[in-house]
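Structure file target-v3.cif; described as mmCIF, C-alpha atoms.
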```cif
data_query
loop_
_atom_site.label_atom_id
_atom_site.label_comp_id
_atom_site.auth_asym_id
_atom_site.auth_seq_id
_atom_site.Cartn_x
_atom_site.Cartn_y
_atom_site.Cartn_z
CA MET A 1 147.78 -32.06 209.32
CA ALA A 2 144.52 -32.29 207.34
CA ALA A 3 146.21 -34.51 204.73
CA GLU A 4 147.55 -36.82 207.46
CA ALA A 5 144.08 -37.07 209.00
CA GLY A 6 142.60 -37.90 205.60
CA ASP A 7 145.18 -40.64 205.04
CA GLY A 8 144.43 -42.12 208.46
CA MET A 9 140.70 -42.14 207.75
CA ALA A 10 141.23 -43.88 204.39
CA GLU A 11 143.39 -46.53 206.05
CA ALA A 12 140.75 -47.10 208.74
CA VAL A 13 138.04 -47.52 206.08
CA ALA A 14 140.21 -50.04 204.19
CA LEU A 15 140.84 -52.04 207.39
CA LEU A 16 137.14 -52.10 208.24
CA ALA A 17 136.35 -53.31 204.71
CA ALA A 18 138.90 -56.11 205.08
CA LEU A 19 137.36 -57.15 208.41
CA ARG A 20 133.89 -57.09 206.86
CA LEU A 21 135.13 -59.39 204.09
CA GLN A 22 136.42 -61.89 206.66
CA LEU A 23 133.07 -61.81 208.49
CA ASP A 24 131.16 -62.32 205.22
CA TRP A 25 133.33 -65.36 204.49
CA GLY A 26 132.64 -66.82 207.91
CA ALA A 27 136.13 -66.31 209.39
CA ASP A 28 136.13 -66.72 213.16
CA GLU A 29 139.83 -67.03 213.95
CA ALA A 30 143.20 -65.54 213.01
CA LEU A 31 144.63 -66.47 209.62
CA ALA A 32 147.81 -67.82 211.22
CA GLU A 33 147.68 -70.61 213.77
CA LEU A 34 150.31 -68.92 215.98
CA PRO A 35 151.57 -65.34 216.19
CA LEU A 36 154.87 -64.79 214.40
CA ASP A 37 157.72 -64.17 216.86
CA ARG A 38 159.87 -61.62 215.03
CA MET A 39 162.54 -61.72 217.75
CA VAL A 40 163.57 -65.27 216.85
CA VAL A 41 166.76 -65.48 214.81
CA ARG A 42 165.94 -67.58 211.74
CA PRO A 43 168.50 -69.46 209.66
CA LEU A 44 169.66 -67.90 206.44
CA SER A 45 168.86 -69.46 203.10
CA PRO A 46 171.26 -72.27 202.17
CA PRO A 47 174.30 -71.09 200.22
CA LEU A 48 174.40 -71.50 196.50
CA ALA A 49 176.09 -74.60 195.18
CA ALA A 50 179.76 -74.18 194.41
CA PRO A 51 180.57 -73.82 190.71
CA ALA A 52 181.74 -76.92 188.92
CA PRO A 53 185.53 -77.25 188.67
CA PRO A 54 187.07 -76.38 185.29
CA LEU A 55 187.37 -79.24 182.81
CA PRO A 56 190.81 -80.54 181.84
CA PRO A 57 192.03 -79.44 178.39
CA GLY A 58 190.26 -81.37 175.62
CA ALA A 59 187.64 -82.92 177.93
CA GLU A 60 184.01 -83.07 176.82
CA PRO A 61 181.40 -81.47 179.13
CA PRO A 62 178.97 -84.02 180.63
CA ALA A 63 175.70 -84.47 178.76
CA GLU A 64 172.83 -82.51 180.28
CA ARG A 65 170.06 -84.58 181.81
CA PRO A 66 166.64 -84.23 180.15
CA ALA A 67 164.33 -81.70 181.76
CA ALA A 68 161.86 -84.41 182.77
CA ALA A 69 164.62 -86.29 184.58
CA ARG A 70 165.52 -83.14 186.50
CA GLY A 71 161.91 -82.79 187.66
CA LEU A 72 161.35 -79.55 185.71
CA VAL A 73 158.69 -80.95 183.40
CA ARG A 74 155.66 -82.81 184.64
CA PRO A 75 153.95 -84.58 181.77
CA ALA A 76 150.20 -84.35 181.46
CA LEU A 77 148.08 -87.31 182.38
CA VAL A 78 147.77 -89.85 179.58
CA ALA A 79 144.39 -90.80 178.19
CA SER A 80 142.57 -93.25 180.42
CA PRO A 81 142.19 -96.86 179.25
CA LEU A 82 138.53 -96.46 180.23
CA ALA A 83 137.96 -94.62 176.95
CA ALA A 84 138.22 -97.97 175.15
CA THR A 85 135.84 -99.84 177.49
CA PRO A 86 132.13 -100.24 176.72
CA ALA A 87 131.25 -97.77 179.50
CA GLY A 88 133.77 -95.23 178.23
CA GLN A 89 132.52 -95.59 174.65
CA GLN A 90 128.93 -95.24 175.81
CA ALA A 91 129.75 -92.04 177.75
CA ALA A 92 131.57 -90.53 174.76
CA ALA A 93 128.72 -91.40 172.37
CA LEU A 94 125.99 -90.05 174.64
CA ALA A 95 127.92 -86.83 175.27
CA ALA A 96 128.67 -86.26 171.59
CA GLY A 97 125.04 -86.81 170.65
CA ALA A 98 123.68 -84.14 173.00
CA ASP A 99 122.93 -80.91 171.10
CA SER A 100 121.57 -78.90 174.05
CA LEU A 101 121.92 -78.70 177.81
CA ASP A 102 118.56 -80.40 178.28
CA ALA A 103 119.63 -83.20 175.94
CA LEU A 104 122.89 -83.56 177.84
CA ARG A 105 121.06 -83.83 181.16
CA GLU A 106 118.87 -86.57 179.68
CA ALA A 107 121.91 -88.38 178.26
CA MET A 108 123.62 -88.35 181.64
CA ALA A 109 120.46 -89.65 183.32
CA CYS A 110 120.39 -92.52 180.82
CA PHE A 111 124.05 -93.42 181.29
CA ASP A 112 124.29 -96.72 183.15
CA GLY A 113 128.04 -97.30 182.93
CA SER A 114 128.85 -96.25 186.52
CA PRO A 115 127.73 -97.80 189.83
CA LEU A 116 127.55 -94.29 191.29
CA ARG A 117 124.16 -93.93 189.64
CA GLU A 118 122.80 -96.79 191.74
CA THR A 119 123.96 -95.41 195.10
CA ALA A 120 123.01 -91.74 194.51
CA THR A 121 119.59 -90.24 195.18
CA ASN A 122 119.59 -87.66 192.38
CA LEU A 123 121.50 -86.63 189.30
CA VAL A 124 123.14 -83.27 190.08
CA PHE A 125 123.45 -81.42 186.79
CA ALA A 126 124.03 -77.68 187.17
CA ASP A 127 122.76 -74.40 188.60
CA GLY A 128 122.98 -70.73 187.73
CA VAL A 129 122.88 -68.89 184.41
CA PRO A 130 124.19 -70.99 181.49
CA ASP A 131 124.84 -68.04 179.16
CA SER A 132 126.56 -65.86 181.78
CA GLY A 133 130.03 -66.36 180.26
CA LEU A 134 131.52 -67.67 183.53
CA MET A 135 131.37 -71.38 184.43
CA LEU A 136 132.57 -72.96 187.68
CA VAL A 137 133.42 -76.66 187.88
CA GLY A 138 133.66 -78.39 191.24
CA GLU A 139 134.35 -81.92 192.44
CA ALA A 140 131.27 -84.03 193.21
CA PRO A 141 127.92 -83.62 194.97
CA GLY A 142 127.73 -83.93 198.73
CA ALA A 143 124.81 -85.12 200.85
CA ASP A 144 122.79 -81.89 200.53
CA GLU A 145 123.42 -81.69 196.79
CA ASP A 146 122.44 -85.32 196.32
CA ARG A 147 119.21 -84.77 198.25
CA LEU A 148 118.20 -81.58 196.41
CA GLY A 149 119.65 -82.34 192.96
CA ARG A 150 121.56 -79.02 192.77
CA PRO A 151 125.30 -78.35 193.07
CA PHE A 152 126.86 -76.37 195.91
CA VAL A 153 123.82 -75.95 198.17
CA GLY A 154 125.42 -77.21 201.41
CA VAL A 155 127.75 -75.45 203.82
CA SER A 156 130.60 -75.17 201.31
CA GLY A 157 128.16 -73.87 198.68
CA ARG A 158 127.00 -71.11 201.00
CA LEU A 159 130.61 -70.13 201.63
CA LEU A 160 131.22 -70.08 197.87
CA ASP A 161 128.21 -67.80 197.37
CA ARG A 162 129.56 -65.38 200.01
CA MET A 163 133.02 -65.45 198.43
CA LEU A 164 131.69 -64.62 194.97
CA ALA A 165 129.31 -62.00 196.36
CA SER A 166 132.41 -60.19 197.69
CA ILE A 167 133.36 -59.51 194.04
CA ARG A 168 129.73 -58.82 193.08
CA LEU A 169 128.87 -62.16 191.48
CA SER A 170 125.80 -64.31 192.14
CA ARG A 171 124.55 -67.57 190.68
CA GLU A 172 121.20 -65.91 189.93
CA ARG A 173 122.83 -63.47 187.49
CA ASN A 174 126.54 -63.95 186.86
CA PHE A 175 127.75 -67.56 186.73
CA TYR A 176 126.93 -71.18 185.97
CA ILE A 177 128.13 -74.04 188.14
CA THR A 178 128.49 -77.81 187.85
CA ASN A 179 130.73 -80.67 189.02
CA ILE A 180 133.11 -83.19 187.50
CA LEU A 181 130.82 -86.00 188.71
CA PRO A 182 127.00 -85.77 188.50
CA PHE A 183 126.48 -88.40 191.23
CA ARG A 184 127.55 -88.39 194.85
CA PRO A 185 130.31 -90.90 195.69
CA PRO A 186 129.31 -93.04 198.70
CA GLY A 187 130.34 -91.46 201.97
CA ASN A 188 131.43 -88.24 200.22
CA ARG A 189 134.74 -89.89 199.35
CA THR A 190 137.08 -88.31 196.81
CA PRO A 191 136.32 -89.36 193.21
CA THR A 192 138.72 -91.90 191.77
CA ASP A 193 140.80 -91.28 188.65
CA ALA A 194 138.68 -93.88 186.84
CA GLU A 195 135.43 -92.07 187.75
CA ILE A 196 136.84 -88.73 186.64
CA ALA A 197 137.97 -90.17 183.30
CA LEU A 198 134.62 -91.89 182.75
CA PHE A 199 132.56 -88.71 183.20
CA LEU A 200 135.04 -86.35 181.51
CA PRO A 201 133.29 -86.55 178.07
CA PHE A 202 130.10 -85.27 179.71
CA VAL A 203 131.95 -82.42 181.44
CA LEU A 204 133.69 -81.32 178.25
CA ARG A 205 130.42 -81.45 176.31
CA HIS A 206 128.75 -79.49 179.10
CA ILE A 207 131.36 -76.76 178.77
CA ALA A 208 131.07 -76.76 174.97
CA LEU A 209 127.28 -76.34 175.13
CA ALA A 210 127.34 -73.63 177.82
CA ARG A 211 130.04 -71.74 175.85
CA PRO A 212 131.61 -69.81 178.76
CA ARG A 213 134.38 -67.30 178.16
CA GLN A 214 136.19 -68.26 181.38
CA LEU A 215 136.29 -71.29 183.65
CA VAL A 216 136.97 -71.49 187.38
CA LEU A 217 138.17 -74.89 188.58
CA LEU A 218 137.26 -75.44 192.23
CA GLY A 219 139.69 -77.80 193.94
CA GLY A 220 142.23 -80.40 192.94
CA VAL A 221 139.81 -82.91 191.39
CA ALA A 222 138.42 -80.41 188.87
CA ALA A 223 141.79 -78.78 188.20
CA LYS A 224 143.77 -81.98 187.67
CA GLY A 225 140.97 -83.61 185.70
CA LEU A 226 140.42 -80.80 183.22
CA LEU A 227 144.05 -79.66 183.01
CA ARG A 228 145.31 -83.27 182.69
CA SER A 229 147.89 -82.46 185.34
CA LYS A 230 149.46 -84.40 188.18
CA GLU A 231 150.23 -81.26 190.19
CA GLY A 232 148.25 -80.52 193.34
CA ILE A 233 145.86 -77.61 193.66
CA THR A 234 148.27 -75.58 195.81
CA ARG A 235 150.68 -75.52 192.85
CA LEU A 236 147.99 -75.02 190.19
CA ARG A 237 146.03 -72.26 191.92
CA GLY A 238 146.65 -68.56 191.55
CA ARG A 239 147.21 -68.48 187.79
CA TRP A 240 145.36 -68.86 184.53
CA HIS A 241 145.66 -72.04 182.48
CA GLN A 242 144.22 -73.27 179.20
CA VAL A 243 141.67 -76.11 179.19
CA THR A 244 141.33 -78.03 175.94
CA ILE A 245 137.62 -78.45 175.22
CA LYS A 246 137.99 -79.87 171.74
CA GLU A 247 141.02 -80.56 169.59
CA ASP A 248 141.09 -77.00 168.21
CA GLU A 249 139.40 -75.13 171.08
CA THR A 250 140.74 -74.00 174.46
CA LEU A 251 139.39 -71.82 177.24
CA PRO A 252 141.15 -69.78 179.95
CA ALA A 253 140.70 -71.42 183.35
CA LEU A 254 141.58 -70.21 186.83
CA ALA A 255 142.34 -72.93 189.37
CA THR A 256 141.50 -72.15 192.99
CA LEU A 257 140.82 -73.84 196.31
CA HIS A 258 137.57 -75.70 196.94
CA PRO A 259 135.36 -74.02 199.57
CA ALA A 260 135.19 -77.30 201.53
CA TYR A 261 138.98 -77.09 201.88
CA LEU A 262 138.65 -73.51 203.12
CA LEU A 263 136.22 -74.64 205.81
CA ARG A 264 138.84 -77.10 207.08
CA ASN A 265 141.75 -74.68 206.63
CA PRO A 266 140.60 -71.11 207.37
CA GLY A 267 144.12 -69.75 206.88
CA ALA A 268 143.90 -70.61 203.16
CA LYS A 269 141.14 -68.04 202.66
CA ARG A 270 143.90 -65.49 202.08
CA ASP A 271 144.98 -67.40 198.96
CA ALA A 272 141.37 -67.82 197.82
CA TRP A 273 140.86 -64.06 198.08
CA ALA A 274 143.93 -63.47 195.92
CA ASP A 275 142.45 -65.84 193.33
CA LEU A 276 139.15 -63.98 193.38
CA LEU A 277 140.99 -60.72 192.72
CA LEU A 278 142.53 -62.34 189.64
CA LEU A 279 139.08 -63.37 188.47
CA ARG A 280 137.61 -59.94 189.12
CA SER A 281 140.45 -58.29 187.22
CA ARG A 282 139.90 -60.58 184.22
CA LEU A 283 136.14 -59.99 184.19
CA ALA A 284 136.66 -56.22 184.43
CA GLN A 285 138.67 -56.33 181.19
CA GLU A 286 135.70 -57.64 179.19
#
```
Kindly transcribe the structure held in the file into structure tokens.
Amino acid sequence: MAAEAGDGMAEAVALLAALRLQLDWGADEALAELPLDRMVVRPLSPPLAAPAPPLPPGAEPPAERPAAARGLVRPALVASPLAATPAGQQAAALAAGADSLDALREAMACFDGSPLRETATNLVFADGVPDSGLMLVGEAPGADEDRLGRPFVGVSGRLLDRMLASIRLSRERNFYITNILPFRPPGNRTPTDAEIALFLPFVLRHIALARPRQLVLLGGVAAKGLLRSKEGITRLRGRWHQVTIKEDETLPALATLHPAYLLRNPGAKRDAWADLLLLRSRLAQE
């Protein structure tokens, strides 16, 4: 009886800890939109396709379609034509010439190849501890970030801080954070592929100078831009990838959901928590 009571107490403690985590993350509703009715009879999975009929004697088997044609291989994004434009060449030259984070910030402030600079209030460079070994890359500054000149200081930034605090990480001690774009797009719109490609040399140089051991890619813009992938974030998240920083240098990168997405879709916090557990496990192995 004492053992059963001890097991019940441990389960109650675990449940209370899970509820506390949801409160810390700002959850105020159930993870599912509707309760699951387990009395409903659901259709079975579709049956497997019937095997192909046997070939006649002496017949050649049909040629197999290439993997890409079957949809099994999704090629990486090709290099942007912007790299050959004057603005693209200027971005690459300025990024390559920066030998420190301060020099890179100055180079980005001097870059005049994007109209985003003219509509933004401030350059948003980075925040946190550059030599922490963990670097987070988000999408683009919002209104609060543009006003203060720091990344992730609005509502989604506060949620991100609570999420990382749940695995004992803080930007004052344990990580460094930046964005794909240093300037706010007008109206908080999603960055275009051309804007991502134009600023990518600065992002890659930023990573090279900060020298993190792991990257966390927050949202689809950062994940697709740095992984050169066409897949959406829901397919990229939940696993480690390799980001090519230079021709002979890669870094492990975990793709996860952007906190702004979690604010719009509270049910996805379950997936974000699973991603954080992957990150915590990796950091614990160091």
_d(CA of Arg280 in chain A, CA of Lys230 in chain A) in Å_ =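 About the pair CA of Arg280 in chain A and CA of Lys230 in chain A: they are 27.2 Å apart.
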Q. Evaluating the PyMOL selection byres ((chain A and resi 156-160) around 10) on the displayed file yields which residues, as a PyMOL selection string?
A. chain A and resi 24-26+142+144-145+151-155+161-166+170+218+258-263
Sort by chain and increasing residue number a table of all residues of range 162-231 of chain A within 8 Å of range 114-125 of chain A, each with its closest pair of atoms and their distance in Å to one decimal, counting only C-alpha atoms, and write it as a Markdown table.
```
| residue | atom | partner | partner_atom | distance |
| --- | --- | --- | --- | --- |
| A:Thr178 | CA | A:Phe125 | CA | 6.3 |
| A:Asn179 | CA | A:Phe125 | CA | 7.7 |
| A:Pro182 | CA | A:Val124 | CA | 4.9 |
| A:Phe183 | CA | A:Leu123 | CA | 5.6 |
| A:Arg184 | CA | A:Ala120 | CA | 5.7 |
| A:Pro185 | CA | A:Leu116 | CA | 6.2 |
| A:Pro186 | CA | A:Thr119 | CA | 6.9 |
| A:Glu195 | CA | A:Ser114 | CA | 7.9 |
```
Expressed in Å, the length from CA of Gln242 in chain A to CA of Glu106 in chain A is 28.6 Å
Here CA of Gly238 in chain A and CA of Ala253 in chain A stand apart by 10.5 Å
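With all atoms listed in the file as the basis for measurement, A:Asp271 is the residue among A:Asp193, A:Asp102, A:Asp112, A:Asp271 that approaches Ile233 in chain A most closely.
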### Message
On this structure, the PyMOL selection byres ((chain A and resi 213) around 9) would catch which residues? List them as a list in words, sorted by chain and number.
### Response
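Applied to this file, the PyMOL selection byres ((chain A and resi 213) around 9) returns Ser132, Gly133, Leu134, Met135, Arg211, Pro212, Gln214, Leu215, Leu251 and Pro252 of chain A.
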Enumerate, as a ChimeraX atom specification, the residues matched when the PyMOL selection byres ((chain A and resi 236) around 10) is run on the file above. /A:217,219-220,223-224,227,229-235,237-241,254-257
Restricting to only C-alpha atoms, whichever of A:Cys110, A:Val216, A:Ala197, A:Ala103 is closest to Ala272 in chain A is A:Val216
Please define a box with edges along x, y and z of the file around all atoms of range 90-101 of chain A given in the file, extend it by 4 Å on each side, and return its centre and edge lengths in Å to one decimal, as JSON.
```
{"center_x": 126.6, "center_y": -87.0, "center_z": 174.2, "size_x": 18.0, "size_y": 24.5, "size_z": 15.2}
```
**Asked** Which one of A:Tyr176, A:Ala208, A:Asp248, A:Arg168 sits closest to Ala284 in chain A if you count only C-alpha atoms?
**Response**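 Looking at the shortest contact to Ala284 in chain A, the residue is A:Arg168.
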- Message: Give me the residues near His206 in chain A as a PyMOL selection string, where near means some atom within 12 Å (using only C-alpha atoms) and where sequence neighbours in that chain fewer than 5 positions away do not count.
- Response: chain A and resi 94-105+107-108+125-126+130+135-137+176-182+199-201+211-212+245-246
When you count only C-alpha atoms, which of these residues is closest to Val129 in chain A: A:Glu172, A:Asp275, A:Asp146, A:Glu286?
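That would be A:Glu172, the residue with the smallest distance to Val129 in chain A.
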- Message: Measuring between all atoms listed in the file, which one of A:Arg171, A:Ser281, A:Ala87, A:Val243 shows the shortest distance to Asp131 in chain A?
- Response: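 When distances to Asp131 in chain A are compared using all atoms listed in the file, the smallest one comes from A:Arg171.
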